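Q: Just so it is clear, I am handing over target-v8.csv, which has CSV, C-alpha atoms and all ligand atoms.
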```csv
chain,number,residue,atom,x,y,z
D,337,MET,CA,25.7,79.0,-54.0
D,338,ALA,CA,26.3,82.8,-53.5
D,339,CYS,CA,29.5,82.1,-51.5
D,340,ALA,CA,31.1,80.3,-54.4
D,341,THR,CA,34.6,81.1,-55.6
D,342,ILE,CA,35.0,82.3,-59.2
D,343,LEU,CA,38.3,82.4,-61.0
D,344,VAL,CA,38.5,85.2,-63.5
D,345,ALA,CA,41.4,85.1,-65.9
D,346,ASP,CA,41.7,88.2,-68.1
D,347,ASP,CA,44.7,90.3,-68.9
D,348,ASP,CA,42.6,93.4,-69.4
D,349,ARG,CA,42.7,95.4,-66.1
D,350,ASN,CA,39.4,97.2,-66.9
D,351,ALA,CA,37.6,93.9,-67.6
D,352,GLN,CA,38.9,92.6,-64.3
D,353,GLN,CA,37.6,95.6,-62.4
D,354,THR,CA,34.1,95.4,-64.0
D,355,LEU,CA,33.9,91.7,-63.1
D,356,GLU,CA,35.2,92.2,-59.6
D,357,THR,CA,32.5,94.8,-58.8
D,358,LEU,CA,29.8,92.7,-60.5
D,359,LEU,CA,30.6,89.4,-58.8
D,360,THR,CA,31.5,90.6,-55.3
D,361,GLU,CA,28.3,92.5,-55.2
D,362,GLN,CA,26.5,89.2,-55.6
D,363,GLY,CA,28.5,87.6,-52.7
D,364,TYR,CA,31.0,85.6,-54.8
D,365,THR,CA,34.6,85.4,-53.9
D,366,VAL,CA,36.7,86.4,-56.9
D,367,VAL,CA,40.3,85.2,-57.6
D,368,PHE,CA,42.1,86.9,-60.5
D,369,ALA,CA,44.8,85.7,-62.9
D,370,ALA,CA,46.4,88.0,-65.6
D,371,ASN,CA,47.4,85.2,-68.0
D,372,GLY,CA,46.7,81.6,-68.7
D,373,HIS,CA,49.7,80.3,-66.8
D,374,GLU,CA,48.7,82.2,-63.7
D,375,ALA,CA,45.1,80.9,-64.1
D,376,LEU,CA,46.4,77.3,-63.8
D,377,GLU,CA,48.3,78.2,-60.7
D,378,ARG,CA,45.3,79.9,-59.1
D,379,LEU,CA,43.2,76.9,-60.0
D,380,GLN,CA,45.5,74.6,-57.9
D,381,GLU,CA,45.6,77.1,-54.9
D,382,SER,CA,42.0,78.2,-54.7
D,383,HIS,CA,39.9,75.3,-56.0
D,384,PRO,CA,37.3,77.6,-57.6
D,385,ASP,CA,33.7,76.6,-58.3
D,386,LEU,CA,33.6,78.2,-61.7
D,387,CYS,CA,36.1,79.8,-64.2
D,388,VAL,CA,35.6,82.8,-66.4
D,389,LEU,CA,38.4,82.8,-69.0
D,390,ASP,CA,39.2,85.4,-71.6
D,391,ILE,CA,40.3,83.7,-74.8
D,392,ASP,CA,43.0,86.1,-75.8
D,393,MET,CA,45.6,86.1,-73.0
D,394,PRO,CA,49.4,86.1,-72.9
D,395,ARG,CA,51.5,83.0,-72.1
D,396,LEU,CA,48.7,80.5,-72.4
D,397,SER,CA,45.4,81.3,-74.1
D,398,GLY,CA,42.0,80.8,-72.5
D,399,MET,CA,41.4,78.0,-75.0
D,400,ASP,CA,44.5,76.2,-73.8
D,401,VAL,CA,43.6,76.6,-70.1
D,402,CYS,CA,40.1,75.3,-70.9
D,403,ARG,CA,41.5,72.2,-72.6
D,404,LYS,CA,43.8,71.5,-69.6
D,405,ILE,CA,40.9,71.9,-67.2
D,406,LYS,CA,38.6,69.6,-69.2
D,407,SER,CA,41.3,66.9,-69.8
D,408,ASN,CA,42.1,66.6,-66.1
D,409,ASN,CA,40.0,64.1,-64.3
D,410,GLU,CA,40.0,66.2,-61.1
D,411,THR,CA,38.8,69.4,-62.8
D,412,LYS,CA,36.9,68.2,-65.8
D,413,LEU,CA,33.5,69.0,-64.2
D,414,LEU,CA,34.5,72.5,-63.3
D,415,PRO,CA,32.2,74.9,-65.3
D,416,VAL,CA,34.1,77.2,-67.7
D,417,ILE,CA,32.7,80.3,-69.3
D,418,MET,CA,34.8,81.7,-72.1
D,419,LEU,CA,34.9,85.4,-73.0
D,420,THR,CA,36.0,87.1,-76.2
D,421,GLY,CA,35.8,90.4,-78.0
D,422,LEU,CA,37.1,88.7,-81.2
D,423,SER,CA,35.3,87.3,-84.2
D,424,PRO,CA,32.7,85.5,-82.0
D,425,ASP,CA,31.3,82.9,-84.5
D,426,HIS,CA,34.7,81.4,-85.3
D,427,GLU,CA,35.9,81.6,-81.7
D,428,LYS,CA,32.7,80.2,-80.3
D,429,GLN,CA,33.0,76.9,-82.2
D,430,ARG,CA,36.7,76.6,-81.1
D,431,ALA,CA,35.7,77.3,-77.5
D,432,PHE,CA,33.1,74.6,-77.4
D,433,GLU,CA,35.5,72.2,-79.0
D,434,ALA,CA,37.9,73.0,-76.2
D,435,GLY,CA,35.2,71.9,-73.8
D,436,CYS,CA,33.8,75.2,-72.4
D,437,ASP,CA,30.3,75.1,-70.9
D,438,ASP,CA,29.3,78.6,-72.0
D,439,PHE,CA,30.5,81.4,-74.2
D,440,LEU,CA,29.9,85.2,-73.9
D,441,THR,CA,31.0,88.1,-76.1
D,442,LYS,CA,32.4,91.4,-74.8
D,443,PRO,CA,31.2,93.9,-73.9
D,444,LEU,CA,29.5,91.8,-71.2
D,445,GLN,CA,25.8,92.1,-70.4
D,446,PRO,CA,25.8,91.8,-66.5
D,447,VAL,CA,22.4,90.2,-66.3
D,448,GLU,CA,23.3,87.6,-68.9
D,449,LEU,CA,26.6,86.8,-67.2
D,450,LEU,CA,25.1,86.4,-63.8
D,451,THR,CA,22.3,84.2,-65.1
D,452,ARG,CA,24.7,81.9,-66.8
D,453,ILE,CA,26.9,81.8,-63.7
D,454,LYS,CA,24.0,80.9,-61.5
D,455,SER,CA,22.8,78.1,-63.7
D,456,LEU,CA,26.2,76.6,-64.1
D,457,LEU,CA,26.8,76.7,-60.3
D,458,ARG,CA,23.5,75.0,-59.7
D,459,ILE,CA,24.6,72.1,-62.0
D,460,LYS,CA,28.0,72.1,-60.3
D,461,SER,CA,26.5,71.7,-56.9
D,462,LEU,CA,24.5,68.7,-58.2
D,463,THR,CA,27.6,67.0,-59.7
D,464,ASP,CA,29.5,67.7,-56.5
D,465,ALA,CA,26.9,65.9,-54.5
D,466,LEU,CA,27.1,63.0,-57.0
D,467,GLU,CA,30.9,63.0,-56.8
D,468,ASP,CA,30.7,63.0,-53.0
D,469,ALA,CA,28.5,60.0,-53.1
D,470,GLU,CA,30.9,58.2,-55.4
D,471,VAL,CA,33.9,59.1,-53.1
D,472,VAL,CA,32.0,57.5,-50.2
D,473,LEU,CA,31.5,54.3,-52.2
D,474,PHE,CA,35.1,54.2,-53.2
D,475,THR,CA,36.2,54.7,-49.6
D,476,LEU,CA,33.8,51.9,-48.5
D,477,ALA,CA,35.2,49.6,-51.1
D,478,ARG,CA,38.7,50.2,-49.7
D,479,THR,CA,37.6,49.5,-46.2
D,480,ILE,CA,37.0,45.9,-47.2
D,481,GLU,CA,40.7,45.6,-47.9
D,482,ALA,CA,41.6,47.1,-44.6
D,483,LYS,CA,40.0,44.1,-43.0
D,484,ASP,CA,42.1,41.6,-44.9
D,485,ARG,CA,45.9,42.2,-45.3
D,486,TYR,CA,46.0,39.7,-48.2
D,487,THR,CA,43.7,41.8,-50.4
D,488,MET,CA,45.3,45.2,-49.7
D,489,GLY,CA,45.4,47.3,-52.8
D,490,HIS,CA,43.5,44.7,-54.9
D,491,ALA,CA,40.7,47.1,-56.0
D,492,ASP,CA,43.0,49.8,-57.0
D,493,ARG,CA,45.2,47.4,-58.9
D,494,VAL,CA,42.2,45.9,-60.7
D,495,ALA,CA,41.1,49.4,-61.6
D,496,ARG,CA,44.5,50.4,-62.9
D,497,TYR,CA,45.0,47.2,-64.9
D,498,ALA,CA,41.4,47.4,-66.4
D,499,VAL,CA,42.0,51.0,-67.4
D,500,ALA,CA,45.3,50.3,-69.0
D,501,LEU,CA,43.9,47.2,-70.8
D,502,GLY,CA,40.8,49.1,-72.0
D,503,ARG,CA,43.0,51.9,-73.4
D,504,ASN,CA,45.2,49.3,-75.1
D,505,LEU,CA,42.2,47.8,-76.7
D,506,GLY,CA,41.1,51.2,-78.1
D,507,LEU,CA,38.0,51.7,-75.9
D,508,ASP,CA,36.5,55.2,-75.7
D,509,PRO,CA,37.1,57.4,-72.6
D,510,ASN,CA,33.6,56.8,-71.3
D,511,SER,CA,34.1,53.0,-71.3
D,512,VAL,CA,37.6,53.4,-69.7
D,513,GLU,CA,36.0,55.5,-66.9
D,514,ILE,CA,33.4,52.7,-66.3
D,515,LEU,CA,36.3,50.3,-66.1
D,516,ARG,CA,38.0,52.5,-63.5
D,517,LYS,CA,34.9,52.7,-61.3
D,518,GLY,CA,34.1,49.0,-61.8
D,519,GLY,CA,37.6,48.0,-60.9
D,520,ILE,CA,37.4,49.9,-57.6
D,521,LEU,CA,33.9,48.8,-56.7
D,522,HIS,CA,33.7,45.3,-58.1
D,523,ASP,CA,34.0,43.6,-54.6
D,524,ILE,CA,32.1,46.3,-52.6
D,525,GLY,CA,29.4,43.7,-51.8
D,526,LYS,CA,31.9,42.0,-49.5
D,527,LEU,CA,30.9,44.6,-47.0
D,528,GLY,CA,27.8,42.5,-46.4
D,529,ILE,CA,29.8,39.2,-45.9
D,530,PRO,CA,30.5,38.2,-42.3
D,531,ASP,CA,34.2,38.7,-41.3
D,532,ALA,CA,34.3,35.0,-40.2
D,533,VAL,CA,33.8,34.0,-43.8
D,534,LEU,CA,35.8,36.9,-45.4
D,535,GLN,CA,38.9,36.3,-43.2
D,536,LYS,CA,38.7,32.5,-42.9
D,537,GLU,CA,42.2,31.1,-43.3
D,538,GLY,CA,41.2,27.6,-44.6
D,539,PRO,CA,38.9,26.6,-47.5
D,540,LEU,CA,35.3,27.7,-47.3
D,541,ASP,CA,32.5,25.1,-46.8
D,542,ALA,CA,29.4,25.0,-49.1
D,543,ASN,CA,27.4,27.3,-46.9
D,544,GLU,CA,30.2,29.8,-46.7
D,545,TRP,CA,30.6,29.8,-50.5
D,546,ASP,CA,26.9,30.5,-50.9
D,547,MET,CA,27.4,33.5,-48.7
D,548,MET,CA,30.5,34.6,-50.5
D,549,ARG,CA,28.9,34.4,-53.9
D,550,LYS,CA,26.3,36.9,-52.7
D,551,HIS,CA,28.8,39.7,-52.7
D,552,THR,CA,28.0,40.4,-56.4
D,553,LEU,CA,24.3,40.9,-55.6
D,554,ILE,CA,25.0,42.9,-52.4
D,555,GLY,CA,27.4,45.2,-54.4
D,556,CYS,CA,24.6,45.9,-56.9
D,557,GLU,CA,22.2,46.8,-54.0
D,558,ILE,CA,24.8,49.2,-52.5
D,559,CYS,CA,25.5,51.0,-55.8
D,560,GLY,CA,22.2,50.5,-57.5
D,561,ARG,CA,20.5,53.6,-56.1
D,562,LEU,CA,23.1,55.9,-57.6
D,563,LYS,CA,22.0,56.8,-61.1
D,564,GLY,CA,25.6,57.6,-62.0
D,565,MET,CA,26.6,54.0,-61.3
D,566,LYS,CA,24.1,52.5,-63.8
D,567,ASP,CA,26.8,51.5,-66.3
D,568,VAL,CA,29.1,50.1,-63.6
D,569,LEU,CA,26.5,47.7,-62.2
D,570,PRO,CA,27.1,44.9,-64.8
D,571,ILE,CA,30.8,44.8,-63.7
D,572,ILE,CA,29.8,44.6,-60.0
D,573,ARG,CA,27.2,41.9,-60.6
D,574,ASN,CA,28.9,39.8,-63.3
D,575,HIS,CA,32.6,39.9,-62.6
D,576,HIS,CA,32.5,36.2,-61.6
D,577,GLU,CA,30.7,35.0,-64.7
D,578,ARG,CA,32.5,32.7,-67.1
D,579,LEU,CA,32.0,32.6,-70.9
D,580,ASP,CA,30.9,28.9,-70.7
D,581,GLY,CA,28.0,29.7,-68.3
D,582,THR,CA,29.6,28.1,-65.2
D,583,GLY,CA,30.1,31.4,-63.3
D,584,TYR,CA,27.8,33.3,-60.9
D,585,PRO,CA,25.4,34.8,-60.0
D,586,ASP,CA,23.5,34.6,-63.3
D,587,GLY,CA,25.3,31.8,-65.2
D,588,LEU,CA,25.6,34.2,-68.2
D,589,LYS,CA,27.2,32.9,-71.4
D,590,LYS,CA,29.4,34.5,-74.1
D,591,GLY,CA,27.2,37.0,-75.9
D,592,ASP,CA,25.6,38.1,-72.6
D,593,ILE,CA,28.9,39.1,-71.1
D,594,SER,CA,30.1,42.5,-72.2
D,595,ASP,CA,33.7,43.3,-73.1
D,596,LEU,CA,34.0,45.5,-70.0
D,597,VAL,CA,33.0,42.6,-67.8
D,598,ARG,CA,35.4,40.3,-69.7
D,599,ILE,CA,38.3,42.8,-69.1
D,600,VAL,CA,37.6,42.9,-65.4
D,601,ASN,CA,37.3,39.1,-65.3
D,602,VAL,CA,40.8,38.7,-66.6
D,603,VAL,CA,42.6,41.4,-64.6
D,604,ASP,CA,40.7,40.4,-61.4
D,605,ILE,CA,41.9,36.8,-61.6
D,606,TYR,CA,45.4,37.9,-62.7
D,607,ASP,CA,45.8,40.1,-59.7
D,608,ALA,CA,44.4,37.3,-57.4
D,609,LEU,CA,47.0,34.8,-58.8
D,610,THR,CA,50.0,37.2,-58.6
D,611,SER,CA,49.1,38.3,-55.1
D,612,ARG,CA,49.8,36.5,-51.8
D,613,ARG,CA,46.7,35.1,-50.2
D,614,SER,CA,46.1,33.2,-46.9
D,615,TYR,CA,46.0,29.9,-48.8
D,616,LYS,CA,48.8,30.5,-51.3
D,617,GLU,CA,52.0,32.4,-52.2
D,618,ALA,CA,52.0,35.0,-54.9
D,619,PHE,CA,52.5,33.3,-58.3
D,620,SER,CA,54.9,34.7,-61.0
D,621,PRO,CA,53.3,36.3,-64.0
D,622,GLU,CA,54.4,33.2,-66.1
D,623,LYS,CA,52.6,30.8,-63.7
D,624,ALA,CA,49.5,33.1,-63.6
D,625,PHE,CA,49.3,33.2,-67.4
D,626,ARG,CA,49.7,29.3,-67.6
D,627,ILE,CA,46.7,29.0,-65.3
D,628,LEU,CA,44.7,31.6,-67.1
D,629,TRP,CA,45.4,30.0,-70.5
D,630,GLU,CA,44.2,26.6,-69.1
D,631,GLU,CA,41.1,28.4,-68.0
D,632,VAL,CA,40.6,29.9,-71.5
D,633,GLU,CA,40.9,26.3,-72.9
D,634,ARG,CA,38.1,25.4,-70.4
D,635,GLY,CA,36.0,28.2,-71.9
D,636,TRP,CA,36.1,30.6,-69.0
D,637,TRP,CA,37.8,33.7,-70.2
D,638,ASP,CA,38.1,35.8,-73.4
D,639,HIS,CA,41.0,34.6,-75.5
D,640,ASP,CA,41.7,38.0,-77.2
D,641,ILE,CA,41.5,40.0,-74.1
D,642,LEU,CA,43.9,37.6,-72.2
D,643,LYS,CA,46.3,37.8,-75.2
D,644,ALA,CA,46.3,41.6,-75.1
D,645,TRP,CA,46.8,41.6,-71.4
D,646,GLU,CA,49.7,39.1,-71.7
D,647,ASN,CA,51.4,41.2,-74.3
D,648,MET,CA,51.1,44.3,-72.1
D,649,VAL,CA,52.6,42.5,-69.1
D,650,HIS,CA,55.4,40.9,-71.2
D,651,LYS,CA,56.3,44.3,-72.6
D,652,HIS,CA,56.5,45.5,-69.0
D,653,GLN,CA,53.8,48.1,-69.8
D,654,ILE,CA,52.1,47.1,-66.6
D,655,GLY,CA,51.3,44.2,-64.2
O,701,FE,FE,34.6,39.4,-56.5
```
Could you write out this structure as structure tokens?

A:
Amino acid sequence: MACATILVADDDRNAQQTLETLLTEQGYTVVFAANGHEALERLQESHPDLCVLDIDMPRLSGMDVCRKIKSNNETKLLPVIMLTGLSPDHEKQRAFEAGCDDFLTKPLQPVELLTRIKSLLRIKSLTDALEDAEVVLFTLARTIEAKDRYTMGHADRVARYAVALGRNLGLDPNSVEILRKGGILHDIGKLGIPDAVLQKEGPLDANEWDMMRKHTLIGCEICGRLKGMKDVLPIIRNHHERLDGTGYPDGLKKGDISDLVRIVNVVDIYDALTSRRSYKEAFSPEKAFRILWEEVERGWWDHDILKAWENMVHKHQIG
């Protein structure tokens, strides 16, 4: 990845020049920023493959820039190397807490810096490939909706609702990310269902229902080869399960259905009820909750999760 772009943020002109010579000699494109604020601007403009940040900079410190990079979904996988000439042990711990991927002390050892850059760029190219594959899957999932005007926006809404509900329930960021991906991809298996079934205006016959139910398994086949999707597969496979075991495809019961799947269960049905479909008008949130509570009584959905979702919708937090 010798043609990679590296953002160097350092207010020390001498350090800038040393790094410029070193990195351009290796074929890297170098973008400079003289303070933390400028570093964030360059980041937006030049989409670098790696950042080298001095910790001690005016306006916004390297530590603050690193925190911003690592807390933004779009840049969190961007490798960051922090540099400092100050009390290294103390700074090192703070830098890693801020999320940096590597840490070097000034004066810089060129061989050490170049080795670290190379290794982080190798990892970056692998995560980029994985991200590209995920983007393809997300795009495919949205093409299903393009075929059917009634389900337009369904996957994105389910993802948004599931993320909000997961956060409200106090789930950790990793679980919330699984909910986001699961929300977008839960119906991706519909790619394998014939349009005549998918877009049928009237009720489906028994054969067509059999075909339709297979979208959960087809979705797992589509996403199952991507290792990064491992944690999302239960949502794709089991989002039509019910707690009483009457769902599909596995007829799972209570303890076998995870909280993440239960969350998607609830928001998926809520969105279907409050959206217009070929066979029905969009129901009001009140009517949707009446139906969902009846289904909780029947033993289908999780009481506490539905309660939390209803509170959020009533407080106009979402939905
Ligand atoms: Fe589905």

Q: May I have the residues within 10 Å of ligand FE 701 (chain O), computed using only C-alpha atoms and all ligand atoms, as a PyMOL selection string?

A: chain D and resi 491+521-526+548-552+555+571-576+601+604-605

Q: With 10 Å as the cut-off and all atoms listed in the file counted, what is the closest atom pair between each nearby residue of segment 478-505 of chain D and segment 633-646 of chain D? Distances in Å to one decimal, ordered by chain and number, as a Markdown table.

A:
```
| residue | atom | partner | partner_atom | distance |
| --- | --- | --- | --- | --- |
| D:Tyr497 | CA | D:Trp645 | CA | 8.8 |
| D:Ala498 | CA | D:Trp645 | CA | 9.4 |
| D:Ala500 | CA | D:Trp645 | CA | 9.1 |
| D:Leu501 | CA | D:Trp645 | CA | 6.3 |
| D:Gly502 | CA | D:Ile641 | CA | 9.4 |
| D:Asn504 | CA | D:Ala644 | CA | 7.8 |
| D:Leu505 | CA | D:Ala644 | CA | 7.6 |
```

Q: Can you list, as a list in words, every protein, DNA or RNA residue that comes within 12 Å of Asp531 of chain D when you count only C-alpha atoms, leaving out same-chain residues fewer than 6 positions away?

A: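 So, after excluding close chain neighbours, the residues are Ile480, Glu481, Ala482, Lys483, Asp484, Glu537, Glu544, Met547 and Met548 of chain D.
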
Q: Could you tell me how far atom CA of Ile554 of chain D lies from atom CA of Val494 of chain D, in Å and to one decimal?

A: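 Distance reported for this atom pair: 19.3 Å.
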
Q: Which residue is closest to Gly435 of chain D? Choose from D:Val447, D:Leu588, D:Val401, D:Leu457 and count only C-alpha atoms.

A: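 Nearest candidate to Gly435 of chain D out of D:Val447, D:Leu588, D:Val401, D:Leu457: D:Val401.
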
Q: Restore N, CA and C atoms in segment 381-406 of chain D and list the result as an mmCIF file, keeping the file's coordinate frame.

A:
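Dumped everything to result38.cif:
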```cif
data_model
loop_
_atom_site.group_PDB
_atom_site.id
_atom_site.type_symbol
_atom_site.label_atom_id
_atom_site.label_comp_id
_atom_site.auth_asym_id
_atom_site.auth_seq_id
_atom_site.Cartn_x
_atom_site.Cartn_y
_atom_site.Cartn_z
ATOM 1 N N GLU D 381 45.565 76.482 -56.279
ATOM 2 C CA GLU D 381 45.600 77.100 -54.900
ATOM 3 C C GLU D 381 44.166 77.269 -54.370
ATOM 4 N N SER D 382 43.247 77.748 -55.227
ATOM 5 C CA SER D 382 42.000 78.200 -54.700
ATOM 6 C C SER D 382 40.774 77.349 -54.936
ATOM 7 N N HIS D 383 40.965 76.271 -55.704
ATOM 8 C CA HIS D 383 39.900 75.300 -56.000
ATOM 9 C C HIS D 383 38.543 76.056 -56.263
ATOM 10 N N PRO D 384 38.479 76.854 -57.326
ATOM 11 C CA PRO D 384 37.300 77.600 -57.600
ATOM 12 C C PRO D 384 36.079 76.700 -57.968
ATOM 13 N N ASP D 385 34.867 77.291 -57.905
ATOM 14 C CA ASP D 385 33.700 76.600 -58.300
ATOM 15 C C ASP D 385 33.301 76.802 -59.744
ATOM 16 N N LEU D 386 33.932 77.823 -60.345
ATOM 17 C CA LEU D 386 33.600 78.200 -61.700
ATOM 18 C C LEU D 386 34.782 79.040 -62.269
ATOM 19 N N CYS D 387 35.040 78.953 -63.570
ATOM 20 C CA CYS D 387 36.100 79.800 -64.200
ATOM 21 C C CYS D 387 35.505 80.654 -65.274
ATOM 22 N N VAL D 388 35.925 81.915 -65.300
ATOM 23 C CA VAL D 388 35.600 82.800 -66.400
ATOM 24 C C VAL D 388 36.926 83.105 -67.099
ATOM 25 N N LEU D 389 37.078 82.633 -68.340
ATOM 26 C CA LEU D 389 38.400 82.800 -69.000
ATOM 27 C C LEU D 389 38.262 83.634 -70.255
ATOM 28 N N ASP D 390 39.123 84.633 -70.337
ATOM 29 C CA ASP D 390 39.200 85.400 -71.600
ATOM 30 C C ASP D 390 39.995 84.524 -72.565
ATOM 31 N N ILE D 391 39.567 84.519 -73.813
ATOM 32 C CA ILE D 391 40.300 83.700 -74.800
ATOM 33 C C ILE D 391 41.654 84.190 -75.098
ATOM 34 N N ASP D 392 41.720 85.511 -75.297
ATOM 35 C CA ASP D 392 43.000 86.100 -75.800
ATOM 36 C C ASP D 392 43.808 86.590 -74.593
ATOM 37 N N MET D 393 44.736 85.726 -74.136
ATOM 38 C CA MET D 393 45.600 86.100 -73.000
ATOM 39 C C MET D 393 47.030 85.743 -73.298
ATOM 40 N N PRO D 394 47.978 86.457 -72.683
ATOM 41 C CA PRO D 394 49.400 86.100 -72.900
ATOM 42 C C PRO D 394 49.788 84.820 -72.223
ATOM 43 N N ARG D 395 50.912 84.256 -72.651
ATOM 44 C CA ARG D 395 51.500 83.000 -72.100
ATOM 45 C C ARG D 395 50.786 81.758 -72.418
ATOM 46 N N LEU D 396 49.507 81.710 -72.060
ATOM 47 C CA LEU D 396 48.700 80.500 -72.400
ATOM 48 C C LEU D 396 47.294 81.049 -72.638
ATOM 49 N N SER D 397 46.722 80.725 -73.777
ATOM 50 C CA SER D 397 45.400 81.300 -74.100
ATOM 51 C C SER D 397 44.311 80.677 -73.254
ATOM 52 N N GLY D 398 43.154 81.350 -73.198
ATOM 53 C CA GLY D 398 42.000 80.800 -72.500
ATOM 54 C C GLY D 398 41.601 79.457 -73.028
ATOM 55 N N MET D 399 41.770 79.298 -74.331
ATOM 56 C CA MET D 399 41.400 78.000 -75.000
ATOM 57 C C MET D 399 42.317 76.900 -74.439
ATOM 58 N N ASP D 400 43.616 77.174 -74.313
ATOM 59 C CA ASP D 400 44.500 76.200 -73.800
ATOM 60 C C ASP D 400 44.229 75.823 -72.328
ATOM 61 N N VAL D 401 43.915 76.874 -71.554
ATOM 62 C CA VAL D 401 43.600 76.600 -70.100
ATOM 63 C C VAL D 401 42.338 75.763 -70.055
ATOM 64 N N CYS D 402 41.344 76.067 -70.884
ATOM 65 C CA CYS D 402 40.100 75.300 -70.900
ATOM 66 C C CYS D 402 40.374 73.836 -71.218
ATOM 67 N N ARG D 403 41.193 73.606 -72.245
ATOM 68 C CA ARG D 403 41.500 72.200 -72.600
ATOM 69 C C ARG D 403 42.199 71.496 -71.468
ATOM 70 N N LYS D 404 43.092 72.174 -70.768
ATOM 71 C CA LYS D 404 43.800 71.500 -69.600
ATOM 72 C C LYS D 404 42.791 71.203 -68.521
ATOM 73 N N ILE D 405 41.885 72.125 -68.255
ATOM 74 C CA ILE D 405 40.900 71.900 -67.200
ATOM 75 C C ILE D 405 40.020 70.675 -67.551
ATOM 76 N N LYS D 406 39.574 70.627 -68.803
ATOM 77 C CA LYS D 406 38.600 69.600 -69.200
ATOM 78 C C LYS D 406 39.282 68.228 -69.450
#
```
